[in-house]
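> Input file: run.cif. Contents: mmCIF, C-alpha atoms.
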data_work
#
loop_
_atom_site.label_atom_id
_atom_site.label_comp_id
_atom_site.auth_asym_id
_atom_site.auth_seq_id
_atom_site.Cartn_x
_atom_site.Cartn_y
_atom_site.Cartn_z
CA MET R 1 73.02 -132.87 -29.52
CA ILE R 2 69.63 -131.36 -30.28
CA ASP R 3 66.17 -132.93 -30.27
CA ALA R 4 65.04 -133.23 -33.88
CA ILE R 5 61.66 -131.76 -33.12
CA ASP R 6 63.38 -128.61 -31.84
CA VAL R 7 65.25 -128.31 -35.14
CA PHE R 8 61.91 -128.40 -36.93
CA ARG R 9 60.44 -125.84 -34.50
CA ALA R 10 63.35 -123.47 -35.09
CA PHE R 11 63.05 -123.89 -38.85
CA GLY R 12 59.26 -123.59 -38.90
CA LYS R 13 59.39 -119.97 -37.76
CA HIS R 14 61.44 -119.04 -40.83
CA ARG R 15 59.94 -121.36 -43.41
CA GLY R 16 57.94 -118.80 -45.34
CA ASP R 17 56.54 -120.41 -48.49
CA ALA R 18 59.34 -122.94 -48.87
CA ILE R 19 58.62 -126.41 -50.20
CA VAL R 20 59.78 -128.90 -47.56
CA ALA R 21 60.80 -132.54 -47.88
CA ALA R 22 61.84 -134.47 -44.78
CA SER R 23 63.34 -137.95 -44.74
CA GLY R 24 64.70 -140.36 -42.17
CA THR R 25 63.38 -141.60 -38.83
CA VAL R 26 62.75 -138.16 -37.38
CA ALA R 27 60.78 -136.91 -40.39
CA LYS R 28 57.66 -138.05 -38.52
CA HIS R 29 57.93 -134.88 -36.41
CA TRP R 30 57.66 -132.41 -39.28
CA PRO R 31 53.90 -132.77 -39.88
CA GLU R 32 53.39 -131.87 -36.20
CA ILE R 33 55.18 -128.58 -36.80
CA SER R 34 54.29 -127.68 -40.37
CA GLU R 35 51.70 -125.00 -40.90
CA ASN R 36 51.57 -125.41 -44.67
CA GLU R 37 50.93 -129.05 -45.45
CA ARG R 38 50.19 -128.25 -49.09
CA ARG R 39 53.89 -127.46 -49.59
CA ASP R 40 55.17 -130.51 -47.74
CA VAL R 41 56.22 -133.31 -50.06
CA GLN R 42 57.17 -136.90 -49.32
CA LEU R 43 59.74 -138.04 -51.88
CA GLY R 44 60.06 -141.71 -50.92
CA SER R 45 62.17 -143.76 -48.59
CA THR R 46 64.84 -145.21 -50.88
CA MET R 47 67.90 -144.43 -48.77
CA GLY R 48 70.19 -141.92 -50.42
CA GLN R 49 67.75 -141.06 -53.19
CA THR R 50 65.59 -138.48 -51.45
CA THR R 51 68.53 -136.10 -51.76
CA SER R 52 68.59 -136.54 -55.53
CA ALA R 53 64.83 -136.10 -55.81
CA ALA R 54 64.92 -132.86 -53.81
CA PHE R 55 67.81 -131.69 -55.98
CA GLY R 56 65.75 -132.38 -59.11
CA MET R 57 62.81 -130.51 -57.66
CA ALA R 58 65.00 -127.50 -56.86
CA LEU R 59 66.37 -127.49 -60.43
CA GLY R 60 62.89 -127.63 -61.88
CA LEU R 61 61.41 -124.94 -59.61
CA PRO R 62 64.02 -122.18 -59.60
CA ASP R 63 61.51 -119.61 -58.32
CA GLU R 64 60.61 -121.66 -55.24
CA LYS R 65 62.73 -122.23 -52.13
CA VAL R 66 63.21 -125.99 -51.71
CA VAL R 67 64.29 -127.30 -48.29
CA LEU R 68 65.40 -130.87 -47.61
CA PHE R 69 65.86 -132.47 -44.21
CA ASP R 70 68.27 -135.30 -44.98
CA SER R 71 69.92 -137.89 -42.73
CA GLU R 72 73.57 -138.88 -42.58
CA GLY R 73 72.98 -142.61 -43.06
CA ALA R 74 71.13 -141.91 -46.30
CA LEU R 75 73.62 -139.33 -47.51
CA LEU R 76 76.52 -141.73 -46.97
CA MET R 77 74.83 -144.10 -49.42
CA ASN R 78 74.89 -141.42 -52.11
CA LEU R 79 77.63 -139.02 -51.11
CA GLY R 80 78.46 -138.15 -54.71
CA VAL R 81 75.16 -136.32 -54.94
CA LEU R 82 76.84 -133.45 -53.08
CA ALA R 83 79.05 -132.94 -56.15
CA SER R 84 76.04 -133.17 -58.45
CA ILE R 85 74.27 -130.48 -56.42
CA ALA R 86 77.34 -128.26 -56.17
CA GLY R 87 77.89 -128.58 -59.92
CA LYS R 88 74.47 -127.25 -60.86
CA ALA R 89 74.35 -124.98 -57.80
CA PRO R 90 70.60 -124.40 -57.42
CA ALA R 91 70.43 -121.07 -55.59
CA ASN R 92 67.02 -121.98 -54.15
CA PHE R 93 68.12 -125.16 -52.35
CA VAL R 94 68.65 -125.47 -48.59
CA HIS R 95 70.02 -128.86 -47.53
CA PHE R 96 69.77 -129.73 -43.83
CA LEU R 97 71.56 -132.86 -42.66
CA LEU R 98 70.23 -134.24 -39.36
CA ASP R 99 73.13 -136.32 -38.06
CA ASN R 100 72.34 -138.79 -35.26
CA GLU R 101 75.49 -140.83 -35.95
CA CYS R 102 73.54 -144.07 -36.35
CA TYR R 103 71.00 -146.09 -38.31
CA ALA R 104 68.13 -145.28 -35.96
CA THR R 105 65.61 -147.23 -38.00
CA THR R 106 67.48 -150.52 -37.67
CA GLY R 107 68.26 -150.40 -33.97
CA GLY R 108 70.88 -147.69 -33.64
CA GLN R 109 74.00 -149.28 -35.09
CA PRO R 110 76.63 -146.61 -35.81
CA VAL R 111 77.16 -145.41 -39.38
CA PRO R 112 80.73 -145.79 -40.65
CA ASN R 113 83.09 -143.43 -38.86
CA ALA R 114 80.02 -142.19 -37.00
CA THR R 115 81.62 -139.50 -34.85
CA GLY R 116 84.47 -138.58 -37.15
CA ILE R 117 82.89 -137.01 -40.22
CA ASP R 118 82.73 -133.25 -40.75
CA TYR R 119 79.79 -133.19 -43.17
CA ALA R 120 79.73 -129.40 -43.44
CA GLY R 121 83.44 -129.52 -44.24
CA VAL R 122 82.82 -132.12 -46.94
CA ALA R 123 80.03 -130.02 -48.44
CA SER R 124 82.19 -126.92 -48.36
CA ARG R 125 85.16 -128.56 -50.04
CA ILE R 126 82.94 -130.19 -52.65
CA GLY R 127 81.58 -126.80 -53.67
CA TYR R 128 78.53 -125.72 -51.66
CA PRO R 129 78.93 -121.93 -51.39
CA ALA R 130 77.44 -121.73 -47.88
CA THR R 131 77.79 -124.32 -45.11
CA TYR R 132 76.99 -124.43 -41.40
CA HIS R 133 77.39 -126.85 -38.53
CA PHE R 134 75.44 -126.80 -35.26
CA ASP R 135 75.30 -128.89 -32.11
CA ASP R 136 73.63 -126.22 -29.99
CA LEU R 137 69.97 -125.32 -30.39
CA GLU R 138 70.33 -121.64 -29.56
CA ASP R 139 73.08 -121.19 -32.13
CA LEU R 140 70.93 -122.90 -34.73
CA ALA R 141 67.81 -120.91 -33.87
CA THR R 142 69.59 -117.56 -34.03
CA SER R 143 71.17 -118.44 -37.40
CA MET R 144 68.02 -119.71 -39.07
CA ALA R 145 66.96 -116.39 -40.63
CA GLU R 146 70.42 -115.98 -42.16
CA ILE R 147 70.37 -119.58 -43.44
CA MET R 148 67.06 -119.08 -45.19
CA ASP R 149 68.21 -115.79 -46.72
CA ARG R 150 71.48 -117.11 -48.15
CA GLU R 151 71.90 -117.83 -51.82
CA GLY R 152 72.26 -121.56 -52.17
CA PRO R 153 72.88 -124.28 -52.32
CA VAL R 154 73.19 -124.02 -48.54
CA PHE R 155 74.27 -127.01 -46.43
CA VAL R 156 73.42 -127.17 -42.72
CA SER R 157 74.71 -130.05 -40.62
CA VAL R 158 73.00 -130.50 -37.25
CA LYS R 159 73.87 -133.04 -34.56
CA ILE R 160 70.63 -134.56 -33.28
CA LYS R 161 69.72 -137.11 -30.61
CA PRO R 162 68.98 -140.58 -32.00
CA GLU R 163 65.40 -141.76 -31.83
CA VAL R 164 66.06 -145.46 -32.18
CA GLU R 165 63.39 -147.84 -33.41
CA ASN R 166 63.93 -151.46 -32.55
CA LEU R 167 60.67 -153.19 -33.36
CA PRO R 168 60.33 -155.25 -36.53
CA VAL R 169 59.08 -152.98 -39.30
CA GLY R 170 55.69 -154.69 -39.45
CA MET R 171 55.03 -154.00 -35.76
CA ARG R 172 55.79 -150.28 -35.81
CA GLN R 173 53.14 -147.65 -35.44
CA ARG R 174 52.48 -145.97 -38.76
CA THR R 175 52.95 -142.24 -38.61
CA ARG R 176 52.66 -141.27 -42.26
CA ARG R 177 49.46 -139.35 -42.81
CA ARG R 178 49.55 -138.98 -46.59
CA SER R 179 51.02 -141.15 -49.32
CA ARG R 180 53.86 -139.93 -51.53
CA GLN R 181 51.47 -139.55 -54.45
CA GLU R 182 48.99 -137.56 -52.37
CA THR R 183 51.70 -135.12 -51.32
CA ILE R 184 52.94 -134.76 -54.91
CA ASP R 185 49.42 -134.23 -56.27
CA THR R 186 48.71 -131.59 -53.60
CA LEU R 187 51.99 -129.77 -54.21
CA GLN R 188 51.46 -129.75 -57.97
CA ALA R 189 47.94 -128.38 -57.52
CA GLU R 190 49.32 -125.72 -55.17
CA LEU R 191 51.92 -124.71 -57.78
CA GLY R 192 49.59 -125.01 -60.77
CA ILE R 193 51.65 -127.77 -62.34
CA THR R 194 49.99 -130.23 -64.70
CA ALA R 195 51.22 -133.74 -63.96
CA GLY R 196 53.63 -135.04 -66.61
CA MET H 1 75.49 -141.57 -99.00
CA VAL H 2 71.96 -142.08 -97.73
CA GLU H 3 72.73 -145.69 -96.89
CA GLN H 4 75.83 -144.65 -94.98
CA GLN H 5 73.89 -142.16 -92.85
CA ALA H 6 71.18 -144.69 -92.11
CA ALA H 7 73.70 -147.31 -91.01
CA VAL H 8 74.42 -145.55 -87.73
CA LEU H 9 72.37 -143.71 -85.14
CA SER H 10 73.56 -140.13 -85.35
CA PRO H 11 73.56 -137.93 -82.21
CA SER H 12 71.43 -135.37 -84.05
CA ALA H 13 68.71 -137.96 -84.64
CA LEU H 14 68.55 -138.61 -80.89
CA VAL H 15 68.54 -134.91 -80.01
CA ASP H 16 65.78 -134.32 -82.59
CA GLU H 17 63.70 -136.97 -80.85
CA PHE H 18 64.30 -135.30 -77.50
CA ARG H 19 63.09 -132.00 -78.87
CA LYS H 20 60.08 -133.53 -80.56
CA ASN H 21 59.01 -135.08 -77.26
CA GLY H 22 59.41 -131.94 -75.15
CA VAL H 23 62.44 -133.09 -73.18
CA THR H 24 63.73 -130.36 -70.86
CA HIS H 25 66.57 -132.05 -68.93
CA ILE H 26 69.11 -134.79 -69.70
CA ILE H 27 70.38 -136.44 -66.52
CA THR H 28 73.57 -138.20 -67.45
CA ILE H 29 76.99 -139.60 -66.84
CA PRO H 30 79.03 -139.38 -70.02
CA ASP H 31 80.72 -142.58 -71.12
CA SER H 32 83.40 -143.41 -73.61
CA GLU H 33 80.91 -143.92 -76.42
CA THR H 34 78.82 -140.78 -76.09
CA ASN H 35 81.17 -137.82 -75.90
CA TYR H 36 80.00 -136.20 -79.12
CA LEU H 37 76.36 -136.62 -78.12
CA TYR H 38 77.20 -134.90 -74.83
CA GLU H 39 78.78 -131.96 -76.63
CA LEU H 40 75.80 -131.68 -78.98
CA MET H 41 73.33 -131.70 -76.09
CA LYS H 42 75.28 -128.96 -74.31
CA GLN H 43 74.84 -126.77 -77.40
CA GLN H 44 71.02 -126.92 -77.26
CA GLU H 45 69.61 -123.85 -75.53
CA TRP H 46 66.30 -125.63 -74.83
CA LEU H 47 67.99 -128.54 -73.08
CA ASP H 48 69.57 -128.52 -69.61
CA VAL H 49 72.23 -131.18 -69.10
CA VAL H 50 72.41 -132.38 -65.49
CA PRO H 51 75.63 -134.28 -64.74
CA ILE H 52 75.33 -136.78 -61.90
CA SER H 53 77.97 -138.65 -59.94
CA ARG H 54 76.54 -142.17 -60.13
CA GLU H 55 73.77 -143.56 -62.28
CA GLY H 56 71.50 -144.38 -59.34
CA GLU H 57 70.95 -140.65 -58.87
CA GLY H 58 69.21 -140.56 -62.24
CA PRO H 59 65.70 -141.88 -61.55
CA ALA H 60 65.46 -139.90 -58.29
CA THR H 61 66.62 -136.66 -59.88
CA ALA H 62 64.12 -137.32 -62.66
CA LEU H 63 61.33 -137.77 -60.11
CA GLY H 64 62.07 -134.34 -58.65
CA LEU H 65 62.07 -132.75 -62.09
CA ASN H 66 58.83 -134.51 -62.97
CA ILE H 67 57.18 -133.14 -59.82
CA ALA H 68 58.31 -129.71 -61.03
CA GLY H 69 56.47 -130.28 -64.31
CA LYS H 70 59.58 -130.92 -66.39
CA THR H 71 60.32 -133.74 -68.83
CA PRO H 72 63.65 -135.35 -67.97
CA VAL H 73 65.46 -138.21 -69.69
CA VAL H 74 68.08 -140.38 -68.00
CA LEU H 75 70.99 -141.12 -70.36
CA ILE H 76 73.36 -143.78 -69.06
CA GLN H 77 75.21 -146.93 -70.08
CA ASN H 78 73.92 -150.43 -69.31
CA THR H 79 76.55 -150.86 -66.59
CA GLY H 80 74.97 -147.88 -64.85
CA LEU H 81 71.50 -149.29 -65.41
CA LEU H 82 72.53 -152.34 -63.39
CA GLU H 83 73.91 -150.04 -60.69
CA SER H 84 70.59 -148.14 -60.55
CA GLY H 85 68.35 -151.07 -59.62
CA ASP H 86 67.02 -149.90 -56.26
CA SER H 87 66.61 -146.34 -57.45
CA ILE H 88 64.59 -147.54 -60.44
CA ARG H 89 62.46 -149.60 -58.08
CA GLY H 90 61.85 -147.02 -55.39
CA MET H 91 61.94 -143.74 -57.25
CA ALA H 92 60.60 -144.60 -60.72
CA LEU H 93 58.47 -147.78 -60.68
CA ASP H 94 56.94 -147.14 -57.26
CA ALA H 95 56.53 -143.41 -57.89
CA GLY H 96 54.65 -144.08 -61.14
CA PHE H 97 55.62 -141.30 -63.50
CA PRO H 98 56.58 -141.31 -67.19
CA LEU H 99 60.33 -141.68 -67.61
CA VAL H 100 62.40 -142.59 -70.64
CA LEU H 101 65.88 -143.95 -69.95
CA VAL H 102 68.23 -144.02 -72.94
CA VAL H 103 70.75 -146.74 -72.28
CA GLY H 104 73.92 -147.46 -74.21
CA TYR H 105 74.00 -151.21 -74.81
CA ARG H 106 77.69 -151.84 -74.19
CA GLY H 107 78.79 -155.20 -75.44
CA TRP H 108 75.83 -155.81 -77.72
CA THR H 109 76.70 -157.34 -81.05
CA ARG H 110 74.61 -158.11 -84.07
CA ARG H 111 76.05 -161.58 -84.10
CA GLY H 112 74.24 -162.29 -80.85
CA LYS H 113 77.36 -163.48 -79.05
CA THR H 114 79.21 -161.35 -76.57
CA THR H 115 81.81 -161.87 -73.90
CA ASP H 116 80.75 -158.66 -72.12
CA SER H 117 78.69 -159.50 -69.05
CA ALA H 118 77.20 -155.99 -69.13
CA ALA H 119 75.41 -157.01 -72.32
CA VAL H 120 74.60 -160.51 -71.11
CA TYR H 121 72.61 -159.22 -68.14
CA THR H 122 71.00 -156.09 -69.63
CA GLU H 123 67.81 -157.54 -71.07
CA PRO H 124 67.30 -160.11 -68.26
CA PHE H 125 67.59 -157.17 -65.81
CA LEU H 126 64.91 -155.19 -67.65
CA ASN H 127 62.67 -158.24 -67.88
CA ALA H 128 63.07 -158.90 -64.15
CA PHE H 129 61.97 -155.31 -63.45
CA ARG H 130 59.13 -155.69 -66.00
CA ILE H 131 60.37 -152.64 -67.87
CA ASN H 132 59.56 -152.50 -71.58
CA TYR H 133 62.35 -151.53 -73.95
CA TYR H 134 62.86 -150.46 -77.52
CA PHE H 135 65.99 -151.32 -79.45
CA VAL H 136 67.50 -148.56 -81.58
CA GLU H 137 70.52 -149.05 -83.77
CA ARG H 138 70.36 -146.57 -86.65
CA ASP H 139 68.65 -143.37 -87.80
CA THR H 140 65.81 -145.28 -89.42
CA ASP H 141 64.99 -146.69 -85.97
CA ALA H 142 64.62 -143.21 -84.43
CA PRO H 143 60.77 -143.20 -84.53
CA ARG H 144 60.90 -145.97 -81.90
CA ILE H 145 62.19 -143.35 -79.49
CA SER H 146 58.92 -141.44 -79.87
CA GLU H 147 57.07 -144.70 -79.34
CA ALA H 148 58.97 -145.13 -76.07
CA PHE H 149 57.97 -141.64 -74.94
CA GLU H 150 54.35 -142.33 -75.83
CA GLU H 151 54.36 -145.60 -73.90
CA ALA H 152 55.92 -143.90 -70.88
CA ARG H 153 53.26 -141.19 -70.96
CA GLN H 154 50.42 -143.69 -71.33
CA THR H 155 51.62 -146.10 -68.63
CA LYS H 156 53.33 -143.63 -66.27
CA ARG H 157 56.19 -146.07 -66.01
CA PRO H 158 59.86 -146.09 -66.98
CA VAL H 159 60.54 -147.23 -70.53
CA VAL H 160 64.03 -147.92 -71.83
CA VAL H 161 65.54 -147.17 -75.22
CA LEU H 162 68.49 -149.48 -75.76
CA ILE H 163 71.12 -148.06 -78.09
CA GLY H 164 73.01 -150.80 -79.89
CA ASP H 165 76.36 -149.13 -79.56
CA GLU H 166 78.25 -151.34 -81.95
CA TYR H 167 77.16 -149.05 -84.76
CA HIS H 168 75.88 -145.82 -83.23
CA GLY H 169 78.86 -143.69 -84.15
CA TRP H 170 78.39 -141.16 -81.35
CA ASN H 171 82.09 -140.64 -81.15
CA ARG H 172 82.65 -140.68 -84.88
CA GLU H 173 80.21 -138.13 -86.23
CA GLN H 174 81.70 -134.64 -86.12
CA THR H 175 79.54 -132.50 -88.41
CA ASN H 176 75.97 -133.75 -88.42
CA GLY H 177 74.71 -131.76 -85.46
CA LYS H 178 73.30 -128.68 -87.15
CA ALA H 179 69.80 -129.99 -87.80
CA ALA H 180 69.20 -130.43 -84.11
CA GLN H 181 70.21 -126.85 -83.36
CA GLN H 182 67.71 -125.21 -85.69
#
Mind turning the file's structure into C-alpha cells?

Amino acid sequence: MIDAIDVFRAFGKHRGDAIVAASGTVAKHWPEISENERRDVQLGSTMGQTTSAAFGMALGLPDEKVVLFDSEGALLMNLGVLASIAGKAPANFVHFLLDNECYATTGGQPVPNATGIDYAGVASRIGYPATYHFDDLEDLATSMAEIMDREGPVFVSVKIKPEVENLPVGMRQRTRRRSRQETIDTLQAELGITAG
Amino acid sequence: MVEQQAAVLSPSALVDEFRKNGVTHIITIPDSETNYLYELMKQQEWLDVVPISREGEGPATALGLNIAGKTPVVLIQNTGLLESGDSIRGMALDAGFPLVLVVGYRGWTRRGKTTDSAAVYTEPFLNAFRINYYFVERDTDAPRISEAFEEARQTKRPVVVLIGDEYHGWNREQTNGKAAQQ
C-alpha cells in the first residue's frame, strides 16, 4: 500500500494544466501538493456523487484534461456511474481510485468485500478503454506520464494506506481552505466561463 | 384537429422548449412512457443526450456540466426523483445553480385519486425539499416550461416540471417531431 500523499506527489509532476478534483478523506493532502490552485475544484462531499460531477465537467470541457481522485467507498455507492462514463467515453477524463479498503472517515470499518474487488478489472470490463492497477509507488510513478498521455477515459486503481479519522465530525480539525463555490468561481474565471 | 393536438403534450413541444431555453445536455434514464421523446432528442444535433445508470447521478452530472458553462436538464420519472434525494440535496440545492428537472408524473390522474404510491409521494417530496414545481399536461401548458427555466435562472435553484403522464402521449406520437428539428 502507498501513502496517499505520495500518490499526489507522483501525479503532481505530470499534472500539466489539468483540472483536478479530489474527494475522500485523503483529499486534504492535494492542496499541499498542488501548484495550480486555480484549476483545483471541490465538487462536494455527497458520497458517490463527486464521480458524476467530474464526469459532467469532463463532458462539458472536452478541450481540458479533467482528473478525479475518487475513493472506493464512494464509488461503491454509485458503481453504475462507471457504465455512464464508459458510455459517453470522454477522452479527456482520468479517473484515479484511491482504495484504502475502508470507510476511513467513520472509523475505518471495511467496505463490503474490502480486499476482494478488482476495481480496474471492473472498469475494464464495463468499457473503460485504458485501466491500471498499482500497489507499488515506483510502478505508479514510472507509469504516470503514460497515464496522463493516454486517450481516456482512463481508470487508475491505487491501493493506499488508510488514514482513519475517529473523532466525532464536529471535533475534527477543518482542513478545507476554500469553499466549493469559491473553487468553482475561480475555475470558471480561469477558463473564461460565465456562470450559468 | 387543433383540439386533439392540444389535448396531449407532444415530444416536439418539449424539445422546442429545450431549444428556446438554450439547453445543451439532457441527462436521462429512459422510461416506458418516454421512448419517442428519447428518439426525438437523439435526432437533435444541438442536444447531447447523456444516459445515466441511476437517477441520483443526474443532479451531480448536471453540476459538472454547469461548471463547464453548459445548460443541462435532468429528465427522469418520479420514481427516480425519489431515488435522487441526497443527490438533489448535496449536489443541486447546496451547490446553488440553476437546474430544471423534467419529471414524468407516473400514477397521476386527473381524477385526483391514485393507487400508485409514486404519485402519492411526489408532491410531498418536492414540498419537503422546498423545490417549486410547474405542472404540464398538454401543449398549451408548454410556456410553463420556460417559466420554470426563468425561475431556475433567477433563484439558482432546482425547479421541477411535472409531466402529467396520463395524457402526454410520448409513446403515441410518431410524426410530430419535425418542427423541433428545424
> Once the PyMOL selection byres ((chain R) within 8 of (chain H)) has been applied to the shown file, what residues remain in the selection, as a ChimeraX atom specification?
/R:44-46,49-50,52-61,78,80-81,83-84,87-88,180-181,184,188,193-196
> Mind dumping a table of every region 52-88 of chain R residue within 12 Å of region 154-174 of chain R, with the nearest atom pair and its distance in Å to one decimal, using all atoms listed in the file, sorted by chain and rising number, as a Markdown table?

| residue | atom | partner | partner_atom | distance |
| --- | --- | --- | --- | --- |
| R:Phe55 | CA | R:Val154 | CA | 12.0 |
| R:Lys65 | CA | R:Val154 | CA | 11.2 |
| R:Val66 | CA | R:Val154 | CA | 10.7 |
| R:Val67 | CA | R:Val154 | CA | 9.5 |
| R:Leu68 | CA | R:Phe155 | CA | 9.7 |
| R:Phe69 | CA | R:Val156 | CA | 9.4 |
| R:Asp70 | CA | R:Ser157 | CA | 9.4 |
| R:Ser71 | CA | R:Ser157 | CA | 9.4 |
| R:Glu72 | CA | R:Ser157 | CA | 9.1 |
| R:Gly73 | CA | R:Pro162 | CA | 11.9 |
| R:Leu75 | CA | R:Ser157 | CA | 11.6 |
| R:Leu82 | CA | R:Phe155 | CA | 9.6 |
| R:Ile85 | CA | R:Val154 | CA | 10.2 |
| R:Ala86 | CA | R:Val154 | CA | 9.7 |
> Mind checking which residues fall within 12 Å of Pro110 (chain R), counting only C-alpha atoms, ignoring those fewer than 2 positions away in the same chain, and posting them as a list in words?
Glu72, Gly73, Asp99, Asn100, Glu101, Cys102, Tyr103, Ala104, Thr105, Thr106, Gly107, Gly108, Pro112, Asn113, Ala114, Thr115, Gly116, Pro162 and Val164 of chain R
> Which value, in Å to one decimal, gives the distance between CA of Val120 (chain H) and CA of Trp108 (chain H)?
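Going from CA of Val120 (chain H) over to CA of Trp108 (chain H) covers 8.2 Å.
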> What would the selection look like, as number ranges by chain, if the PyMOL selection byres ((chain H and resi 134) around 7) were run on the coordinates I just shared?
H: 133, 135-136, 144, 148, 160-162
> Just give me the gap between CA of Ile147 (chain R) and CA of Asn92 (chain R) in Å, one decimal is fine.
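So the answer is 11.5 Å.
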> One decimal, Å: what's the distance from CA of Glu138 (chain R) over to CA of Glu35 (chain R), could you say?
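Distance between the two atoms: 22.1 Å.
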> Got a sec: who's within 9 Å of Asp118 (chain R), counting all atoms listed in the file, leaving out chain neighbours fewer than 4 positions off, as a list in words?
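Neighbouring residues, sequence-local ones excluded: Val122, Ala123, His133 and Ser157 of chain R.
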> Find the residues near Ser117 (chain H): any atom within 10 Å, counting only C-alpha atoms, skip ones fewer than 3 places away on the same chain, and give them as number ranges by chain.
H: 79, 106-108, 114, 120-122
> Smallest atom-to-atom distance to Tyr128 (chain R): which of R:Leu140, R:Val111, R:Ala89, R:Ile19, using only C-alpha atoms?
R:Ala89
> Neighbouring residues of Tyr38 (chain H) were defined as those with any atom within 9 Å, considering all atoms listed in the file; residues of the same chain fewer than 5 positions away were excluded. Please report them as a list in words.
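Residues near the query, excluding close chain neighbours: Pro11, Thr28, Pro30, Gln43 and Val49 of chain H.
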> Keeping C-alpha atoms, export the residues of the selection given above as a compact mmCIF listing (two decimals), keeping the file's coordinate frame.

# COMPACT_ATOMS: atom_id res chain seq x y z
CA PRO H 11 73.56 -137.93 -82.21
CA THR H 28 73.57 -138.20 -67.45
CA PRO H 30 79.03 -139.38 -70.02
CA GLN H 43 74.84 -126.77 -77.40
CA VAL H 49 72.23 -131.18 -69.10
> For the structure provided, state which residues fall under the PyMOL selection byres ((chain R and resi 178) around 12), and present them as a list in words.
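Evaluating the PyMOL selection byres ((chain R and resi 178) around 12) on this file yields Lys28, Pro31, Glu37, Arg38, Asp40, Val41, Gln42, Leu43, Gly44, Arg174, Thr175, Arg176, Arg177, Ser179, Arg180, Gln181, Glu182, Thr183, Ile184, Asp185 and Thr186 of chain R.
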> Taking (72.4, -153.3, -65.7) in the file's coordinates, which residues come within 7 Å, counting only C-alpha atoms, written as number ranges by chain?
H: 78-83, 118, 121-122, 125
> Can you tell me, as a list in words, what residues are no more than 10 Å from Phe11 (chain R) when counting only C-alpha atoms, ignoring any on the same chain fewer than 5 positions away?
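In the requested form, the answer reads Ile5, Asp6, Gly16, Ile33, Ser34, Leu140, Ala141, Ser143, Met144, Ala145, Ile147 and Met148 of chain R.
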> Pick the closest to Ala142 (chain H) from H:Gln154, H:Ser84, H:Ser12, H:Asn127: which is it, counting all atoms listed in the file?
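The answer is H:Ser12, which sits nearest to Ala142 (chain H).
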